[in-house]
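Have a look at protein_33.cif; it's mmCIF, C-alpha atoms:
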data_entry
loop_
_atom_site.group_PDB
_atom_site.id
_atom_site.type_symbol
_atom_site.label_atom_id
_atom_site.label_comp_id
_atom_site.auth_asym_id
_atom_site.auth_seq_id
_atom_site.Cartn_x
_atom_site.Cartn_y
_atom_site.Cartn_z
ATOM 1 C CA MET P 1 -51.254 71.280 36.814
ATOM 2 C CA ARG P 2 -47.731 71.214 35.456
ATOM 3 C CA HIS P 3 -47.914 67.433 35.149
ATOM 4 C CA TRP P 4 -51.072 67.697 33.020
ATOM 5 C CA LYS P 5 -49.411 70.143 30.554
ATOM 6 C CA ALA P 6 -46.357 67.899 30.255
ATOM 7 C CA CYS P 7 -48.579 64.876 29.504
ATOM 8 C CA LEU P 8 -50.556 66.845 26.914
ATOM 9 C CA LEU P 9 -47.340 68.024 25.246
ATOM 10 C CA MET P 10 -46.053 64.457 25.161
ATOM 11 C CA VAL P 11 -49.287 63.157 23.572
ATOM 12 C CA VAL P 12 -49.215 65.926 20.939
ATOM 13 C CA CYS P 13 -45.552 65.123 20.113
ATOM 14 C CA LEU P 14 -46.355 61.421 19.767
ATOM 15 C CA LEU P 15 -49.302 62.138 17.488
ATOM 16 C CA VAL P 16 -47.279 64.487 15.291
ATOM 17 C CA SER P 17 -44.394 62.026 14.951
ATOM 18 C CA ALA P 18 -46.794 59.132 14.268
ATOM 19 C CA CYS P 19 -48.523 61.103 11.510
ATOM 20 C CA GLY P 20 -45.205 61.869 9.835
ATOM 21 C CA SER P 21 -43.996 58.267 9.870
ATOM 22 C CA ALA P 22 -47.352 56.903 8.704
ATOM 23 C CA GLN P 23 -47.281 59.298 5.794
ATOM 24 C CA GLY P 24 -43.813 58.145 4.762
ATOM 25 C CA ALA P 25 -44.602 54.472 5.283
ATOM 26 C CA GLY P 26 -47.864 54.774 3.365
ATOM 27 C CA SER P 27 -46.177 56.142 0.252
ATOM 28 C CA SER P 28 -46.440 53.776 -2.703
ATOM 29 C CA ASP P 29 -43.145 55.013 -4.108
ATOM 30 C CA PRO P 30 -40.122 52.955 -3.085
ATOM 31 C CA PRO P 31 -37.033 54.942 -2.090
ATOM 32 C CA LEU P 32 -34.725 56.048 -4.898
ATOM 33 C CA PRO P 33 -31.034 56.894 -5.049
ATOM 34 C CA GLU P 34 -30.220 60.523 -4.324
ATOM 35 C CA GLY P 35 -31.281 62.883 -7.107
ATOM 36 C CA TRP P 36 -33.688 60.453 -8.760
ATOM 37 C CA SER P 37 -37.439 61.138 -8.959
ATOM 38 C CA TRP P 38 -40.559 59.271 -10.070
ATOM 39 C CA TYR P 39 -42.446 59.560 -13.329
ATOM 40 C CA HIS P 40 -46.139 58.669 -12.895
ATOM 41 C CA ASP P 41 -47.977 58.316 -16.180
ATOM 42 C CA VAL P 42 -51.273 60.208 -16.223
ATOM 43 C CA ARG P 43 -53.009 57.738 -18.524
ATOM 44 C CA PHE P 44 -51.651 54.284 -17.678
ATOM 45 C CA PRO P 45 -51.039 52.892 -14.201
ATOM 46 C CA TYR P 46 -47.273 52.722 -14.039
ATOM 47 C CA GLN P 47 -44.359 54.567 -12.559
ATOM 48 C CA ALA P 48 -40.691 54.591 -13.445
ATOM 49 C CA PRO P 49 -37.645 56.253 -11.915
ATOM 50 C CA ILE P 50 -36.171 59.274 -13.688
ATOM 51 C CA PRO P 51 -32.388 59.809 -13.643
ATOM 52 C CA PRO P 52 -31.095 62.947 -11.895
ATOM 53 C CA GLY P 53 -31.635 66.108 -13.928
ATOM 54 C CA TRP P 54 -33.498 64.365 -16.750
ATOM 55 C CA GLN P 55 -36.808 65.783 -17.996
ATOM 56 C CA THR P 56 -39.891 63.950 -19.247
ATOM 57 C CA VAL P 57 -42.075 64.530 -22.271
ATOM 58 C CA ALA P 58 -45.232 62.406 -22.604
ATOM 59 C CA PHE P 59 -47.872 62.443 -25.315
ATOM 60 C CA ASN P 60 -50.327 60.300 -27.282
ATOM 61 C CA ASP P 61 -49.162 59.492 -30.793
ATOM 62 C CA TRP P 62 -51.273 58.782 -33.850
ATOM 63 C CA THR P 63 -48.446 57.490 -36.022
ATOM 64 C CA TYR P 64 -48.012 54.115 -37.698
ATOM 65 C CA GLY P 65 -50.485 55.158 -40.401
ATOM 66 C CA THR P 66 -53.576 55.110 -38.213
ATOM 67 C CA PRO P 67 -55.938 57.958 -37.342
ATOM 68 C CA ARG P 68 -56.744 56.433 -33.942
ATOM 69 C CA ASP P 69 -55.049 56.736 -30.590
ATOM 70 C CA CYS P 70 -52.198 54.369 -31.300
ATOM 71 C CA VAL P 71 -49.467 54.629 -28.711
ATOM 72 C CA ARG P 72 -48.740 56.517 -25.484
ATOM 73 C CA LYS P 73 -45.128 57.670 -25.360
ATOM 74 C CA ALA P 74 -43.095 58.882 -22.407
ATOM 75 C CA PHE P 75 -39.569 60.084 -23.142
ATOM 76 C CA PHE P 76 -36.856 60.734 -20.568
ATOM 77 C CA LEU P 77 -34.317 63.237 -21.908
ATOM 78 C CA PRO P 78 -30.882 64.005 -20.442
ATOM 79 C CA PRO P 79 -30.047 67.473 -19.138
ATOM 80 C CA GLY P 80 -29.542 70.090 -21.828
ATOM 81 C CA SER P 81 -30.797 67.901 -24.659
ATOM 82 C CA HIS P 82 -34.107 69.488 -25.701
ATOM 83 C CA THR P 83 -36.972 71.495 -24.401
ATOM 84 C CA GLU P 84 -40.410 69.913 -24.713
ATOM 85 C CA ALA P 85 -41.283 72.241 -27.624
ATOM 86 C CA GLU P 86 -38.072 71.342 -29.477
ATOM 87 C CA PHE P 87 -38.646 67.664 -28.854
ATOM 88 C CA LEU P 88 -42.214 67.782 -30.194
ATOM 89 C CA SER P 89 -41.207 69.781 -33.285
ATOM 90 C CA PRO P 90 -41.241 67.969 -36.646
ATOM 91 C CA ALA P 91 -38.263 65.624 -37.085
ATOM 92 C CA PRO P 92 -36.316 66.469 -33.935
ATOM 93 C CA ARG P 93 -32.763 65.152 -33.754
ATOM 94 C CA VAL P 94 -32.539 63.391 -30.378
ATOM 95 C CA PRO P 95 -29.220 61.565 -29.976
ATOM 96 C CA GLU P 96 -30.041 60.130 -26.554
ATOM 97 C CA TYR P 97 -33.189 59.162 -24.700
ATOM 98 C CA ILE P 98 -34.985 56.548 -22.659
ATOM 99 C CA SER P 99 -38.578 55.901 -23.690
ATOM 100 C CA ILE P 100 -41.553 53.897 -22.481
ATOM 101 C CA GLU P 101 -44.172 53.289 -25.159
ATOM 102 C CA THR P 102 -47.543 51.771 -24.321
ATOM 103 C CA MET P 103 -49.234 50.233 -27.344
ATOM 104 C CA VAL P 104 -52.851 51.401 -27.082
ATOM 105 C CA ASP P 105 -54.646 50.527 -30.300
ATOM 106 C CA CYS P 106 -51.859 49.493 -32.651
ATOM 107 C CA PRO P 107 -50.512 46.110 -33.621
ATOM 108 C CA GLU P 108 -47.822 44.910 -31.246
ATOM 109 C CA ARG P 109 -44.297 45.608 -32.374
ATOM 110 C CA THR P 110 -41.500 43.084 -32.348
ATOM 111 C CA ALA P 111 -37.737 43.266 -32.402
ATOM 112 C CA SER P 112 -37.880 41.956 -35.959
ATOM 113 C CA ASP P 113 -39.383 45.337 -36.952
ATOM 114 C CA ASN P 114 -35.753 46.486 -36.757
ATOM 115 C CA PRO P 115 -33.456 43.753 -38.108
ATOM 116 C CA ASN P 116 -30.485 45.180 -36.184
ATOM 117 C CA TYR P 117 -31.945 44.046 -32.837
ATOM 118 C CA GLN P 118 -30.533 40.799 -31.462
ATOM 119 C CA PRO P 119 -31.580 38.972 -28.254
ATOM 120 C CA LEU P 120 -29.311 39.918 -25.331
ATOM 121 C CA HIS P 121 -30.457 37.804 -22.362
ATOM 122 C CA ASP P 122 -32.467 34.638 -21.953
ATOM 123 C CA SER P 123 -34.651 36.324 -19.361
ATOM 124 C CA LEU P 124 -35.242 39.724 -17.870
ATOM 125 C CA VAL P 125 -37.892 40.660 -15.302
ATOM 126 C CA ILE P 126 -39.448 44.129 -15.294
ATOM 127 C CA GLY P 127 -42.055 45.063 -12.724
ATOM 128 C CA GLY P 128 -42.470 41.390 -11.824
ATOM 129 C CA ALA P 129 -43.248 40.367 -15.428
ATOM 130 C CA PRO P 130 -40.996 38.480 -17.841
ATOM 131 C CA ALA P 131 -39.560 40.654 -20.593
ATOM 132 C CA ASP P 132 -37.647 40.103 -23.797
ATOM 133 C CA PHE P 133 -34.416 42.080 -24.101
ATOM 134 C CA TYR P 134 -32.773 43.093 -27.389
ATOM 135 C CA GLY P 135 -30.036 45.400 -28.550
ATOM 136 C CA TYR P 136 -27.394 46.373 -31.003
ATOM 137 C CA GLY P 137 -24.196 48.311 -30.754
ATOM 138 C CA PRO P 138 -21.953 49.762 -29.794
ATOM 139 C CA ASP P 139 -21.211 50.141 -33.456
ATOM 140 C CA GLY P 140 -20.663 52.996 -35.849
ATOM 141 C CA TYR P 141 -24.174 54.282 -35.146
ATOM 142 C CA GLY P 142 -24.469 54.066 -31.412
ATOM 143 C CA LEU P 143 -25.986 51.873 -28.769
ATOM 144 C CA HIS P 144 -29.626 50.726 -28.719
ATOM 145 C CA ARG P 145 -31.526 48.584 -26.196
ATOM 146 C CA LEU P 146 -35.154 47.414 -26.209
ATOM 147 C CA ALA P 147 -37.078 45.641 -23.450
ATOM 148 C CA VAL P 148 -40.565 44.325 -24.250
ATOM 149 C CA ALA P 149 -43.094 43.383 -21.547
ATOM 150 C CA HIS P 150 -46.879 43.111 -21.143
ATOM 151 C CA PHE P 151 -48.987 44.696 -18.403
ATOM 152 C CA GLY P 152 -52.754 45.143 -18.145
ATOM 153 C CA GLY P 153 -53.391 43.868 -21.664
ATOM 154 C CA HIS P 154 -50.937 46.299 -23.297
ATOM 155 C CA GLN P 155 -47.475 45.872 -24.739
ATOM 156 C CA TYR P 156 -44.795 48.121 -23.207
ATOM 157 C CA LEU P 157 -41.652 48.948 -25.184
ATOM 158 C CA MET P 158 -38.814 50.377 -23.090
ATOM 159 C CA THR P 159 -35.999 51.758 -25.203
ATOM 160 C CA PHE P 160 -32.552 53.255 -24.665
ATOM 161 C CA VAL P 161 -30.957 55.116 -27.591
ATOM 162 C CA TYR P 162 -27.478 56.600 -27.532
ATOM 163 C CA GLU P 163 -26.279 57.745 -30.951
ATOM 164 C CA TYR P 164 -22.761 58.930 -31.413
ATOM 165 C CA GLU P 165 -22.084 62.623 -31.716
ATOM 166 C CA PRO P 166 -18.527 63.893 -31.424
ATOM 167 C CA THR P 167 -19.581 66.627 -28.997
ATOM 168 C CA ILE P 168 -21.385 64.458 -26.421
ATOM 169 C CA SER P 169 -20.483 60.799 -26.886
ATOM 170 C CA PRO P 170 -17.588 59.710 -24.735
ATOM 171 C CA ALA P 171 -17.725 55.969 -24.025
ATOM 172 C CA GLN P 172 -17.859 56.583 -20.265
ATOM 173 C CA ARG P 173 -21.105 58.545 -20.567
ATOM 174 C CA GLN P 174 -22.586 55.876 -22.821
ATOM 175 C CA GLN P 175 -21.940 53.180 -20.211
ATOM 176 C CA HIS P 176 -23.084 55.459 -17.372
ATOM 177 C CA ASP P 177 -26.388 56.241 -19.067
ATOM 178 C CA LEU P 178 -26.883 52.593 -20.077
ATOM 179 C CA ASP P 179 -26.539 51.739 -16.378
ATOM 180 C CA TRP P 180 -29.213 54.365 -15.647
ATOM 181 C CA TYR P 181 -31.496 52.761 -18.258
ATOM 182 C CA MET P 182 -31.088 49.439 -16.464
ATOM 183 C CA GLN P 183 -32.060 51.185 -13.197
ATOM 184 C CA VAL P 184 -35.204 52.527 -14.908
ATOM 185 C CA LEU P 185 -36.063 48.957 -15.950
ATOM 186 C CA ARG P 186 -35.406 47.601 -12.450
ATOM 187 C CA GLY P 187 -37.525 50.366 -10.880
ATOM 188 C CA PHE P 188 -40.462 50.183 -13.318
ATOM 189 C CA LYS P 189 -43.659 49.331 -11.474
ATOM 190 C CA TYR P 190 -47.039 48.576 -13.023
ATOM 191 C CA THR P 191 -49.616 49.722 -10.485
ATOM 192 C CA GLY P 192 -52.767 48.471 -12.225
ATOM 193 C CA THR P 193 -54.448 45.091 -11.995
#
Before anything else, please render the file you have as structure tokens.
Amino acid sequence: MRHWKACLLMVVCLLVSACGSAQGAGSSDPPLPEGWSWYHDVRFPYQAPIPPGWQTVAFNDWTYGTPRDCVRKAFFLPPGSHTEAEFLSPAPRVPEYISIETMVDCPERTASDNPNYQPLHDSLVIGGAPADFYGYGPDGYGLHRLAVAHFGGHQYLMTFVYEYEPTISPAQRQQHDLDWYMQVLRGFKYTGT
């Protein structure tokens, strides 16, 4: 009788441990460095890593002079920068952010839309797709980077903006957060077909 209870306990333990490992192995999210989390867009099939402590604000935008659903924007904001309400207020001043814009029903944008952008690398791969990479700065205005890729018939613009402010702009933080932007690009995953 004792032998039967021990066998049953062993089977239950094996089943419980197997369920836990299958759940972890079945996750579609690759592991991230400590403190990072995943952003999963609710409208388009992609995910991107979020730096530790950063918050996200995502919305559909009807700008660029069109009344139609033009672009889906997801912004990653550093700790203490803005609340969602402040960020969505008219003309917010946002000195630093990472953004992913999905062009929905607008003309594609190019780096030539901003003449300051210059090509930075011959090739960059994001989510398995080739991407163009542009930037300007550091200069008197700040540091800007733009990666452009195509997934599922849409153009994706992935931007890093770091504008100088005497209260928050030490060069070390600029380089640190630029490195985080590059990690967001490396971790971006388009999950559609």
Expected selection from the PyMOL selection byres ((chain P and resi 48-53) around 6), given as a list of chain:residue names: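 So the PyMOL selection byres ((chain P and resi 48-53) around 6), applied here, picks out P:Gly35, P:Trp36, P:Ser37, P:Trp38, P:Tyr39, P:Gln47, P:Trp54, P:Pro79, P:Val184, P:Gly187, P:Phe188.
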Using all atoms listed in the file, which of the listed residues (P:Val94, P:Ala58, P:Ala147, P:Val161) sits closest to Leu120 in chain P?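 Ranking P:Val94, P:Ala58, P:Ala147, P:Val161 by distance to Leu120 in chain P, first place goes to P:Ala147.
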What do you get, as a short mmCIF file (atom, residue, chain, number, x, y, z; two decimals) with C-alpha atoms, in the coordinates of the input, if you spell out every residue that the PyMOL selection byres ((chain P and resi 189) around 10) selects here?
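Result went into expr.cif, see below:
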data_model
loop_
_atom_site.label_atom_id
_atom_site.label_comp_id
_atom_site.auth_asym_id
_atom_site.auth_seq_id
_atom_site.Cartn_x
_atom_site.Cartn_y
_atom_site.Cartn_z
CA ASP P 29 -43.14 55.01 -4.11
CA PRO P 30 -40.12 52.96 -3.08
CA HIS P 40 -46.14 58.67 -12.90
CA PRO P 45 -51.04 52.89 -14.20
CA TYR P 46 -47.27 52.72 -14.04
CA GLN P 47 -44.36 54.57 -12.56
CA ALA P 48 -40.69 54.59 -13.44
CA PRO P 49 -37.65 56.25 -11.92
CA ILE P 126 -39.45 44.13 -15.29
CA GLY P 127 -42.06 45.06 -12.72
CA GLY P 128 -42.47 41.39 -11.82
CA ALA P 129 -43.25 40.37 -15.43
CA PHE P 151 -48.99 44.70 -18.40
CA VAL P 184 -35.20 52.53 -14.91
CA LEU P 185 -36.06 48.96 -15.95
CA ARG P 186 -35.41 47.60 -12.45
CA GLY P 187 -37.52 50.37 -10.88
CA PHE P 188 -40.46 50.18 -13.32
CA TYR P 190 -47.04 48.58 -13.02
CA THR P 191 -49.62 49.72 -10.48
CA GLY P 192 -52.77 48.47 -12.22
#
Enumerate, as a PDB file with C-alpha atoms, in the frame of the given file, the protein, DNA and RNA residues whose atoms approach (-51.2, 51.1, -33.7) to within 6 Å, taking into account all atoms listed in the file and the coordinate frame of the file.
ATOM      1  CA  TYR P  64     -48.012  54.115 -37.698  1.00  0.00           C
ATOM      2  CA  CYS P  70     -52.198  54.369 -31.300  1.00  0.00           C
ATOM      3  CA  ASP P 105     -54.646  50.527 -30.300  1.00  0.00           C
ATOM      4  CA  CYS P 106     -51.859  49.493 -32.651  1.00  0.00           C
ATOM      5  CA  PRO P 107     -50.512  46.110 -33.621  1.00  0.00           C
TER       6      PRO P 107
END
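Note that CA of Asp177 in chain P and CA of Tyr134 in chain P are 16.8 Å apart.
Among the candidates P:Gln174, P:Gln183, P:Asn60, P:Asn116, the one nearest to Tyr162 in chain P when counting all atoms listed in the file is P:Gln174.
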For Asp61 in chain P, list every protein, DNA or RNA residue within 8 Å, evaluated using all atoms listed in the file, and leave out those in the same chain fewer than 6 positions away; present the list as a PyMOL selection string. chain P and resi 69-73
So, with only C-alpha atoms as the atoms that count, which of P:Glu96, P:Ala131, P:Tyr181, P:Asp41 lies closest to Leu157 in chain P?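 Using only C-alpha atoms, Leu157 in chain P sits closest to P:Ala131.
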What's around range 137-146 of chain P at 6 Å? Count all atoms listed in the file, leave out sequence neighbours fewer than 2 positions away in its own chain, and write the answer as a PDB file with C-alpha atoms, keeping the file's coordinate frame.
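Saved as out01.pdb:
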ATOM      1  CA  PHE P 133     -34.416  42.080 -24.101  1.00  0.00           C
ATOM      2  CA  TYR P 134     -32.773  43.093 -27.389  1.00  0.00           C
ATOM      3  CA  GLY P 135     -30.036  45.400 -28.550  1.00  0.00           C
ATOM      4  CA  MET P 158     -38.814  50.377 -23.090  1.00  0.00           C
ATOM      5  CA  THR P 159     -35.999  51.758 -25.203  1.00  0.00           C
ATOM      6  CA  PHE P 160     -32.552  53.255 -24.665  1.00  0.00           C
ATOM      7  CA  VAL P 161     -30.957  55.116 -27.591  1.00  0.00           C
ATOM      8  CA  TYR P 162     -27.478  56.600 -27.532  1.00  0.00           C
ATOM      9  CA  GLU P 163     -26.279  57.745 -30.951  1.00  0.00           C
ATOM     10  CA  TYR P 164     -22.761  58.930 -31.413  1.00  0.00           C
TER      11      TYR P 164
END
Compare P:Tyr136, P:Leu32, P:Met103, P:Thr56 by their minimum atom-to-atom distance to Pro119 in chain P, counting all atoms listed in the file, and give me the closest one.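 Closest to Pro119 in chain P of all the choices is P:Tyr136.
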